[in-house]
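**Q** PDB, C-alpha atoms, saved as final-v2.pdb, coming up:
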```pdb
ATOM      1  CA  MET A   1      -2.600  20.664  24.817
ATOM      2  CA  PRO A   2      -0.106  22.304  22.406
ATOM      3  CA  ARG A   3      -1.489  23.455  19.108
ATOM      4  CA  ALA A   4       0.838  21.153  17.177
ATOM      5  CA  ALA A   5      -0.450  18.094  19.060
ATOM      6  CA  LEU A   6      -3.775  17.774  17.283
ATOM      7  CA  PRO A   7      -2.377  17.822  13.725
ATOM      8  CA  THR A   8       0.163  15.236  14.890
ATOM      9  CA  LEU A   9      -2.655  13.011  16.086
ATOM     10  CA  LEU A  10      -4.177  13.095  12.609
ATOM     11  CA  LEU A  11      -1.095  11.599  10.946
ATOM     12  CA  PRO A  12      -1.750   7.992  12.077
ATOM     13  CA  LEU A  13      -5.275   8.247  10.683
ATOM     14  CA  LEU A  14      -3.971   9.327   7.305
ATOM     15  CA  GLY A  15      -1.434   6.523   7.437
ATOM     16  CA  LEU A  16      -4.203   4.032   8.114
ATOM     17  CA  ALA A  17      -6.051   5.177   5.013
ATOM     18  CA  ALA A  18      -2.924   4.708   2.920
ATOM     19  CA  ALA A  19      -2.288   1.273   4.419
ATOM     20  CA  THR A  20      -5.682  -0.022   3.345
ATOM     21  CA  VAL A  21      -4.686   0.621  -0.252
ATOM     22  CA  ALA A  22      -1.127  -0.669  -0.055
ATOM     23  CA  ASP A  23      -1.840  -4.183   1.375
ATOM     24  CA  CYS A  24      -1.793  -7.390  -0.650
ATOM     25  CA  PRO A  25      -5.196  -8.909  -1.493
ATOM     26  CA  SER A  26      -5.141 -11.468   1.344
ATOM     27  CA  SER A  27      -2.882 -13.397   3.701
ATOM     28  CA  THR A  28      -2.326 -16.075   1.056
ATOM     29  CA  TRP A  29      -0.169 -13.576  -0.840
ATOM     30  CA  VAL A  30       3.418 -12.758   0.179
ATOM     31  CA  GLN A  31       4.843  -9.235  -0.056
ATOM     32  CA  PHE A  32       8.374  -8.351  -1.178
ATOM     33  CA  GLN A  33       9.921  -5.178  -2.647
ATOM     34  CA  GLY A  34       6.633  -3.466  -3.458
ATOM     35  CA  SER A  35       4.973  -6.506  -5.029
ATOM     36  CA  CYS A  36       2.645  -9.306  -3.967
ATOM     37  CA  TYR A  37       3.235 -12.950  -4.884
ATOM     38  CA  ILE A  38       1.049 -16.031  -4.792
ATOM     39  CA  PHE A  39       1.769 -19.598  -5.842
ATOM     40  CA  LEU A  40      -1.319 -21.402  -7.069
ATOM     41  CA  GLN A  41      -0.592 -24.912  -5.859
ATOM     42  CA  GLU A  42      -2.663 -26.715  -8.400
ATOM     43  CA  ALA A  43      -1.508 -28.945 -11.239
ATOM     44  CA  ILE A  44      -3.464 -28.032 -14.338
ATOM     45  CA  LYS A  45      -3.526 -29.247 -17.899
ATOM     46  CA  VAL A  46      -3.006 -26.493 -20.457
ATOM     47  CA  GLU A  47      -2.658 -26.078 -24.174
ATOM     48  CA  SER A  48      -0.386 -23.039 -24.164
ATOM     49  CA  ILE A  49       1.316 -20.552 -21.891
ATOM     50  CA  GLU A  50      -1.714 -18.263 -22.261
ATOM     51  CA  ASP A  51      -3.754 -20.782 -20.282
ATOM     52  CA  VAL A  52      -1.176 -20.589 -17.516
ATOM     53  CA  ARG A  53      -1.141 -16.810 -17.662
ATOM     54  CA  LYS A  54      -4.918 -16.678 -17.339
ATOM     55  CA  GLN A  55      -4.581 -18.213 -13.867
ATOM     56  CA  CYS A  56      -2.840 -14.984 -12.833
ATOM     57  CA  THR A  57      -4.712 -12.385 -14.865
ATOM     58  CA  ASP A  58      -8.012 -13.656 -13.451
ATOM     59  CA  ARG A  59      -6.638 -12.551 -10.066
ATOM     60  CA  GLY A  60      -5.468  -9.123 -11.191
ATOM     61  CA  ALA A  61      -1.850 -10.231 -11.471
ATOM     62  CA  ASP A  62       0.463 -11.627 -14.132
ATOM     63  CA  MET A  63       2.997 -14.404 -14.371
ATOM     64  CA  VAL A  64       6.046 -13.624 -12.289
ATOM     65  CA  SER A  65       8.868 -11.393 -13.531
ATOM     66  CA  ILE A  66      12.226 -11.221 -11.734
ATOM     67  CA  HIS A  67      14.388  -8.097 -11.677
ATOM     68  CA  ASN A  68      17.305  -8.723  -9.332
ATOM     69  CA  GLU A  69      19.201 -11.412  -7.446
ATOM     70  CA  GLU A  70      17.362 -10.605  -4.198
ATOM     71  CA  GLU A  71      13.969 -11.195  -5.791
ATOM     72  CA  ASN A  72      15.178 -14.447  -7.358
ATOM     73  CA  ALA A  73      16.425 -15.640  -3.955
ATOM     74  CA  PHE A  74      13.197 -14.552  -2.250
ATOM     75  CA  ILE A  75      11.114 -16.614  -4.669
ATOM     76  CA  LEU A  76      13.282 -19.696  -4.152
ATOM     77  CA  ASP A  77      13.099 -19.309  -0.365
ATOM     78  CA  SER A  78       9.321 -18.811  -0.414
ATOM     79  CA  LEU A  79       8.811 -21.851  -2.616
ATOM     80  CA  LYS A  80      10.736 -23.968  -0.116
ATOM     81  CA  LYS A  81       9.276 -22.582   3.126
ATOM     82  CA  GLN A  82       5.710 -21.542   2.340
ATOM     83  CA  TRP A  83       4.707 -23.271  -0.861
ATOM     84  CA  LYS A  84       5.207 -26.709  -2.303
ATOM     85  CA  ASP A  85       8.587 -26.959  -3.920
ATOM     86  CA  PRO A  86       8.160 -27.934  -7.594
ATOM     87  CA  ASP A  87      11.229 -28.659  -9.671
ATOM     88  CA  ASP A  88      10.556 -25.933 -12.221
ATOM     89  CA  ILE A  89       8.417 -22.804 -12.341
ATOM     90  CA  LEU A  90       7.280 -21.244 -15.591
ATOM     91  CA  LEU A  91       8.322 -17.588 -15.648
ATOM     92  CA  GLY A  92       6.247 -14.837 -17.240
ATOM     93  CA  MET A  93       8.640 -14.466 -20.152
ATOM     94  CA  PHE A  94       8.334 -14.946 -23.903
ATOM     95  CA  TYR A  95      10.531 -14.549 -26.953
ATOM     96  CA  ASP A  96       9.516 -11.583 -29.104
ATOM     97  CA  THR A  97      10.332 -12.414 -32.710
ATOM     98  CA  ASP A  98       9.811  -8.795 -33.804
ATOM     99  CA  ASP A  99      12.989  -7.576 -32.132
ATOM    100  CA  ALA A 100      14.580 -10.965 -31.352
ATOM    101  CA  SER A 101      14.646 -10.605 -27.579
ATOM    102  CA  PHE A 102      13.033 -11.996 -24.453
ATOM    103  CA  LYS A 103      10.402  -9.888 -22.725
ATOM    104  CA  TRP A 104       8.218 -10.054 -19.632
ATOM    105  CA  PHE A 105       4.478 -10.448 -20.018
ATOM    106  CA  ASP A 106       3.879  -7.676 -17.456
ATOM    107  CA  ASN A 107       5.760  -5.211 -19.733
ATOM    108  CA  SER A 108       8.436  -4.526 -17.117
ATOM    109  CA  ASN A 109      12.016  -3.968 -18.245
ATOM    110  CA  MET A 110      14.423  -6.865 -18.601
ATOM    111  CA  THR A 111      16.918  -5.696 -15.975
ATOM    112  CA  PHE A 112      18.158  -9.075 -14.751
ATOM    113  CA  ILE A 113      18.838 -12.519 -16.222
ATOM    114  CA  LYS A 114      20.099 -15.775 -14.743
ATOM    115  CA  TRP A 115      20.385 -18.175 -17.644
ATOM    116  CA  THR A 116      22.184 -21.477 -17.330
ATOM    117  CA  ASP A 117      25.076 -22.176 -19.671
ATOM    118  CA  GLN A 118      23.137 -23.712 -22.519
ATOM    119  CA  GLU A 119      23.349 -23.225 -26.232
ATOM    120  CA  ASP A 120      20.390 -21.526 -27.862
ATOM    121  CA  ASP A 121      18.557 -23.179 -30.703
ATOM    122  CA  GLU A 122      18.558 -21.309 -33.953
ATOM    123  CA  ASP A 123      14.799 -21.035 -33.810
ATOM    124  CA  LEU A 124      13.587 -19.455 -30.542
ATOM    125  CA  ILE A 125       9.954 -19.117 -31.593
ATOM    126  CA  ASP A 126       7.627 -20.314 -28.835
ATOM    127  CA  THR A 127      10.499 -20.316 -26.362
ATOM    128  CA  CYS A 128       9.735 -19.561 -22.714
ATOM    129  CA  ALA A 129      11.764 -19.463 -19.510
ATOM    130  CA  PHE A 130      11.697 -21.770 -16.495
ATOM    131  CA  LEU A 131      13.122 -21.197 -13.016
ATOM    132  CA  HIS A 132      14.870 -24.293 -11.676
ATOM    133  CA  THR A 133      14.043 -24.269  -7.974
ATOM    134  CA  LYS A 134      17.067 -26.343  -6.904
ATOM    135  CA  THR A 135      19.730 -24.144  -8.523
ATOM    136  CA  GLY A 136      17.941 -20.829  -9.018
ATOM    137  CA  GLN A 137      19.040 -20.809 -12.647
ATOM    138  CA  TRP A 138      16.804 -20.089 -15.622
ATOM    139  CA  THR A 139      16.451 -22.441 -18.566
ATOM    140  CA  LYS A 140      14.820 -22.046 -21.959
ATOM    141  CA  GLY A 141      12.059 -24.378 -23.014
ATOM    142  CA  ASN A 142       9.045 -24.753 -25.249
ATOM    143  CA  CYS A 143       6.033 -22.621 -24.361
ATOM    144  CA  GLU A 144       3.682 -25.328 -25.615
ATOM    145  CA  VAL A 145       3.464 -27.116 -22.274
ATOM    146  CA  SER A 146       0.748 -29.668 -21.632
ATOM    147  CA  SER A 147       0.596 -29.256 -17.837
ATOM    148  CA  VAL A 148       2.150 -27.292 -14.983
ATOM    149  CA  GLU A 149       2.653 -28.228 -11.321
ATOM    150  CA  GLY A 150       1.644 -24.762 -10.184
ATOM    151  CA  THR A 151       1.549 -21.126 -11.244
ATOM    152  CA  LEU A 152       3.520 -18.278  -9.685
ATOM    153  CA  CYS A 153       1.779 -14.898  -9.977
ATOM    154  CA  LYS A 154       2.948 -11.390  -9.153
ATOM    155  CA  ALA A 155       1.047  -8.134  -8.695
ATOM    156  CA  SER A 156       2.416  -4.681  -8.034
ATOM    157  CA  ILE A 157       1.307  -2.644  -5.004
ATOM    158  CA  PRO A 158      -1.207  -1.010  -4.880
ATOM    159  CA  TYR A 159      -3.155  -4.051  -5.950
ATOM    160  CA  GLU A 160      -5.849  -3.430  -8.565
ATOM    161  CA  LYS A 161      -9.061  -2.990  -6.568
ATOM    162  CA  LYS A 162     -11.275  -4.224  -9.369
ATOM    163  CA  TYR A 163      -9.974  -7.759  -8.819
ATOM    164  CA  LEU A 164     -10.662  -7.849  -5.090
ATOM    165  CA  SER A 165     -13.602  -9.798  -3.723
ATOM    166  CA  ASP A 166     -16.808  -7.922  -2.920
ATOM    167  CA  ASN A 167     -16.268  -8.439   0.825
ATOM    168  CA  HIS A 168     -12.722  -7.083   0.632
ATOM    169  CA  ILE A 169     -13.917  -4.042  -1.296
ATOM    170  CA  LEU A 170     -16.679  -3.400   1.276
ATOM    171  CA  ILE A 171     -14.296  -3.708   4.231
ATOM    172  CA  SER A 172     -11.721  -1.452   2.578
ATOM    173  CA  ALA A 173     -14.399   1.128   1.760
ATOM    174  CA  LEU A 174     -15.676   1.125   5.358
ATOM    175  CA  VAL A 175     -12.178   1.528   6.773
ATOM    176  CA  VAL A 176     -11.388   4.403   4.421
ATOM    177  CA  ALA A 177     -14.737   6.103   5.100
ATOM    178  CA  SER A 178     -14.272   5.798   8.879
ATOM    179  CA  THR A 179     -10.756   7.165   8.611
ATOM    180  CA  VAL A 180     -11.920  10.155   6.576
ATOM    181  CA  ILE A 181     -14.702  10.922   9.073
ATOM    182  CA  LEU A 182     -12.289  10.741  12.021
ATOM    183  CA  THR A 183      -9.825  12.937  10.167
ATOM    184  CA  VAL A 184     -12.488  15.585   9.458
ATOM    185  CA  LEU A 185     -13.704  15.550  13.062
ATOM    186  CA  GLY A 186     -10.136  15.889  14.289
ATOM    187  CA  ALA A 187      -9.568  18.843  11.984
ATOM    188  CA  ILE A 188     -12.754  20.558  13.239
ATOM    189  CA  ILE A 189     -11.717  20.067  16.880
ATOM    190  CA  TRP A 190      -8.267  21.444  16.149
ATOM    191  CA  PHE A 191      -9.759  24.472  14.352
ATOM    192  CA  LEU A 192     -12.113  25.267  17.258
ATOM    193  CA  TYR A 193      -9.298  24.861  19.763
ATOM    194  CA  LYS A 194      -7.020  27.167  17.784
ATOM    195  CA  ARG A 195      -9.741  29.815  17.346
ATOM    196  CA  ASN A 196     -10.548  29.880  21.055
ATOM    197  CA  SER A 197      -6.860  30.120  21.947
ATOM    198  CA  ASP A 198      -6.308  33.044  19.576
ATOM    199  CA  SER A 199      -9.349  34.967  20.905
ATOM    200  CA  GLY A 200      -8.130  34.989  24.523
ATOM    201  CA  PHE A 201     -10.304  32.183  25.834
ATOM    202  CA  THR A 202      -8.656  32.257  29.287
ATOM    203  CA  THR A 203      -9.886  35.800  30.037
ATOM    204  CA  VAL A 204     -13.321  34.497  31.034
ATOM    205  CA  PHE A 205     -11.828  33.154  34.242
ATOM    206  CA  SER A 206     -10.037  36.375  35.309
ATOM    207  CA  THR A 207     -10.547  39.303  37.776
ATOM    208  CA  ALA A 208     -12.593  40.034  40.893
ATOM    209  CA  PRO A 209     -16.073  41.627  40.685
ATOM    210  CA  GLN A 210     -16.017  45.297  39.727
ATOM    211  CA  SER A 211     -17.925  48.056  41.565
ATOM    212  CA  PRO A 212     -20.888  49.474  39.627
ATOM    213  CA  TYR A 213     -19.533  52.976  40.441
ATOM    214  CA  ASN A 214     -16.486  54.551  38.916
ATOM    215  CA  ASP A 215     -13.982  56.653  40.888
ATOM    216  CA  ASP A 216     -15.768  59.974  40.226
ATOM    217  CA  CYS A 217     -19.069  58.666  41.573
ATOM    218  CA  VAL A 218     -17.388  57.425  44.749
ATOM    219  CA  LEU A 219     -15.781  60.872  45.323
ATOM    220  CA  VAL A 220     -19.137  62.699  44.926
ATOM    221  CA  VAL A 221     -20.880  60.330  47.339
ATOM    222  CA  ALA A 222     -18.114  60.808  49.904
ATOM    223  CA  GLU A 223     -18.386  64.621  49.696
ATOM    224  CA  GLU A 224     -22.182  64.505  50.111
ATOM    225  CA  ASN A 225     -21.843  62.328  53.204
ATOM    226  CA  GLU A 226     -19.275  64.727  54.706
ATOM    227  CA  TYR A 227     -21.566  67.751  54.069
ATOM    228  CA  ALA A 228     -24.479  65.968  55.729
ATOM    229  CA  VAL A 229     -22.385  65.318  58.827
ATOM    230  CA  GLN A 230     -21.445  69.021  59.079
ATOM    231  CA  LEU A 231     -25.099  70.095  58.935
ATOM    232  CA  ASP A 232     -25.922  67.741  61.771
TER     233      ASP A 232
END
```
As structure tokens, how would this structure be written, given the file I've shared?

**A**
Amino acid sequence: MPRAALPTLLLPLLGLAAATVADCPSSTWVQFQGSCYIFLQEAIKVESIEDVRKQCTDRGADMVSIHNEEENAFILDSLKKQWKDPDDILLGMFYDTDDASFKWFDNSNMTFIKWTDQEDDEDLIDTCAFLHTKTGQWTKGNCEVSSVEGTLCKASIPYEKKYLSDNHILISALVVASTVILTVLGAIIWFLYKRNSDSGFTTVFSTAPQSPYNDDCVLVVAEENEYAVQLD
């Protein structure tokens, strides 16, 4: 086996360890562009947008933020194919009166907007954003909602481990520990193989048996035998 083969075999193990960290919390979440999404298909009564947001923060996520046209289209497609298709989804956005601008609750930058052509009220206090699932456009509305048809949450990868279930944490820990052990054993085997190769391991199988006498001893014995023959 070539020396480079063993280190190459270790790479999948290291990749497995990384994969256990990078996955979404469970199969109920959907992954896209380095984030995990889940739609909580439950109509709840709320008093404010903070009650809606708590549905996400309790799961280690936040209300959804959207940063490009592709992400907006992905959310619309997922709502139609995998989740129930409500008419409007409350986005994780609020109006900051301190600097008179809209911001995302997850503190990400406002890099993309898709507002409908509507005139803004003079007073935008308590104004939130809604995604219209039929058109993909965003509309402004009052944050003081009384109920929502569902909550769309988003979490960045790697997902915060402290919000995972105890079983998920245990399984992840076992996978990582097993991977580390296999990696260490592989490294030890590779080290021993390399050391034996460098020290001329193949020489133990070489050469025919050697005579216990060197050339000088053989010559002396031959001369003594010849002298004994002459005496006879």

**Q** Atom CA of A:Cys24 and atom CA of A:Tyr37 are how many Å apart?

**A**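 According to the coordinates, atom CA of A:Cys24 and atom CA of A:Tyr37 are separated by 8.6 Å.
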
**Q** I would like the residues chosen by the PyMOL selection byres ((chain A and resi 65-68) around 12) on the shown file; could you give them as an mmCIF file with C-alpha atoms, in the coordinates of the input?

**A**
```cif
data_model
loop_
_atom_site.group_PDB
_atom_site.id
_atom_site.type_symbol
_atom_site.label_atom_id
_atom_site.label_comp_id
_atom_site.auth_asym_id
_atom_site.auth_seq_id
_atom_site.Cartn_x
_atom_site.Cartn_y
_atom_site.Cartn_z
ATOM 1 C CA PHE A 32 8.374 -8.351 -1.178
ATOM 2 C CA GLN A 33 9.921 -5.178 -2.647
ATOM 3 C CA SER A 35 4.973 -6.506 -5.029
ATOM 4 C CA CYS A 36 2.645 -9.306 -3.967
ATOM 5 C CA TYR A 37 3.235 -12.950 -4.884
ATOM 6 C CA ALA A 61 -1.850 -10.231 -11.471
ATOM 7 C CA ASP A 62 0.463 -11.627 -14.132
ATOM 8 C CA MET A 63 2.997 -14.404 -14.371
ATOM 9 C CA VAL A 64 6.046 -13.624 -12.289
ATOM 10 C CA GLU A 69 19.201 -11.412 -7.446
ATOM 11 C CA GLU A 70 17.362 -10.605 -4.198
ATOM 12 C CA GLU A 71 13.969 -11.195 -5.791
ATOM 13 C CA ASN A 72 15.178 -14.447 -7.358
ATOM 14 C CA ALA A 73 16.425 -15.640 -3.955
ATOM 15 C CA PHE A 74 13.197 -14.552 -2.250
ATOM 16 C CA ILE A 75 11.114 -16.614 -4.669
ATOM 17 C CA LEU A 76 13.282 -19.696 -4.152
ATOM 18 C CA ILE A 89 8.417 -22.804 -12.341
ATOM 19 C CA LEU A 90 7.280 -21.244 -15.591
ATOM 20 C CA LEU A 91 8.322 -17.588 -15.648
ATOM 21 C CA GLY A 92 6.247 -14.837 -17.240
ATOM 22 C CA MET A 93 8.640 -14.466 -20.152
ATOM 23 C CA PHE A 94 8.334 -14.946 -23.903
ATOM 24 C CA PHE A 102 13.033 -11.996 -24.453
ATOM 25 C CA LYS A 103 10.402 -9.888 -22.725
ATOM 26 C CA TRP A 104 8.218 -10.054 -19.632
ATOM 27 C CA PHE A 105 4.478 -10.448 -20.018
ATOM 28 C CA ASP A 106 3.879 -7.676 -17.456
ATOM 29 C CA ASN A 107 5.760 -5.211 -19.733
ATOM 30 C CA SER A 108 8.436 -4.526 -17.117
ATOM 31 C CA ASN A 109 12.016 -3.968 -18.245
ATOM 32 C CA MET A 110 14.423 -6.865 -18.601
ATOM 33 C CA THR A 111 16.918 -5.696 -15.975
ATOM 34 C CA PHE A 112 18.158 -9.075 -14.751
ATOM 35 C CA ILE A 113 18.838 -12.519 -16.222
ATOM 36 C CA LYS A 114 20.099 -15.775 -14.743
ATOM 37 C CA ALA A 129 11.764 -19.463 -19.510
ATOM 38 C CA PHE A 130 11.697 -21.770 -16.495
ATOM 39 C CA LEU A 131 13.122 -21.197 -13.016
ATOM 40 C CA GLY A 136 17.941 -20.829 -9.018
ATOM 41 C CA GLN A 137 19.040 -20.809 -12.647
ATOM 42 C CA TRP A 138 16.804 -20.089 -15.622
ATOM 43 C CA LEU A 152 3.520 -18.278 -9.685
ATOM 44 C CA CYS A 153 1.779 -14.898 -9.977
ATOM 45 C CA LYS A 154 2.948 -11.390 -9.153
ATOM 46 C CA ALA A 155 1.047 -8.134 -8.695
ATOM 47 C CA SER A 156 2.416 -4.681 -8.034
#
```

**Q** Quick one: distance from atom CA of A:Ser147 to atom CA of A:Ile44 in Å, one decimal?

**A**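 So the two atoms, atom CA of A:Ser147 and atom CA of A:Ile44, lie 5.5 Å apart.
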
**Q** Considering all atoms listed in the file, state which residue in the set A:Arg195, A:Val30, A:Ile125, A:Arg59 is at the smallest distance from A:Asp98.

**A**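 Looking only at the distances to A:Asp98, the closest residue turns out to be A:Ile125.
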
**Q** Return the single residue from A:Leu124, A:Val52, A:Ile157, A:Val176 that is closest to A:Trp29, with distances computed using only C-alpha atoms.

**A**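 The answer is A:Ile157, which sits nearest to A:Trp29.
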
**Q** Between atom CA of A:Gln118 and atom CA of A:Thr139, what is the distance in Å, rounded to a tenth?

**A**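 These atoms are spaced 7.9 Å apart.
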
**Q** For this structure, which residues satisfy the selection - the PyMOL selection byres ((chain A and resi 141) around 6) - when it is evaluated on the file as given? I want them as JSON, numbers by chain.

**A** {"A": [127, 128, 140, 142]}

**Q** Since I can't run it myself right now, could you work out what the PyMOL selection byres ((chain A and resi 145) around 7) selects here and report it as a PyMOL selection string?

**A** chain A and resi 46-49+142-144+146-147

**Q** Keeping only C-alpha atoms, write the selected residues as a PDB file, keeping the file's coordinate frame.

**A**
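Final output, again-v2.pdb:
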```
ATOM      1  CA  VAL A  46      -3.006 -26.493 -20.457  1.00  0.00           C
ATOM      2  CA  GLU A  47      -2.658 -26.078 -24.174  1.00  0.00           C
ATOM      3  CA  SER A  48      -0.386 -23.039 -24.164  1.00  0.00           C
ATOM      4  CA  ILE A  49       1.316 -20.552 -21.891  1.00  0.00           C
ATOM      5  CA  ASN A 142       9.045 -24.753 -25.249  1.00  0.00           C
ATOM      6  CA  CYS A 143       6.033 -22.621 -24.361  1.00  0.00           C
ATOM      7  CA  GLU A 144       3.682 -25.328 -25.615  1.00  0.00           C
ATOM      8  CA  SER A 146       0.748 -29.668 -21.632  1.00  0.00           C
ATOM      9  CA  SER A 147       0.596 -29.256 -17.837  1.00  0.00           C
TER      10      SER A 147
END
```
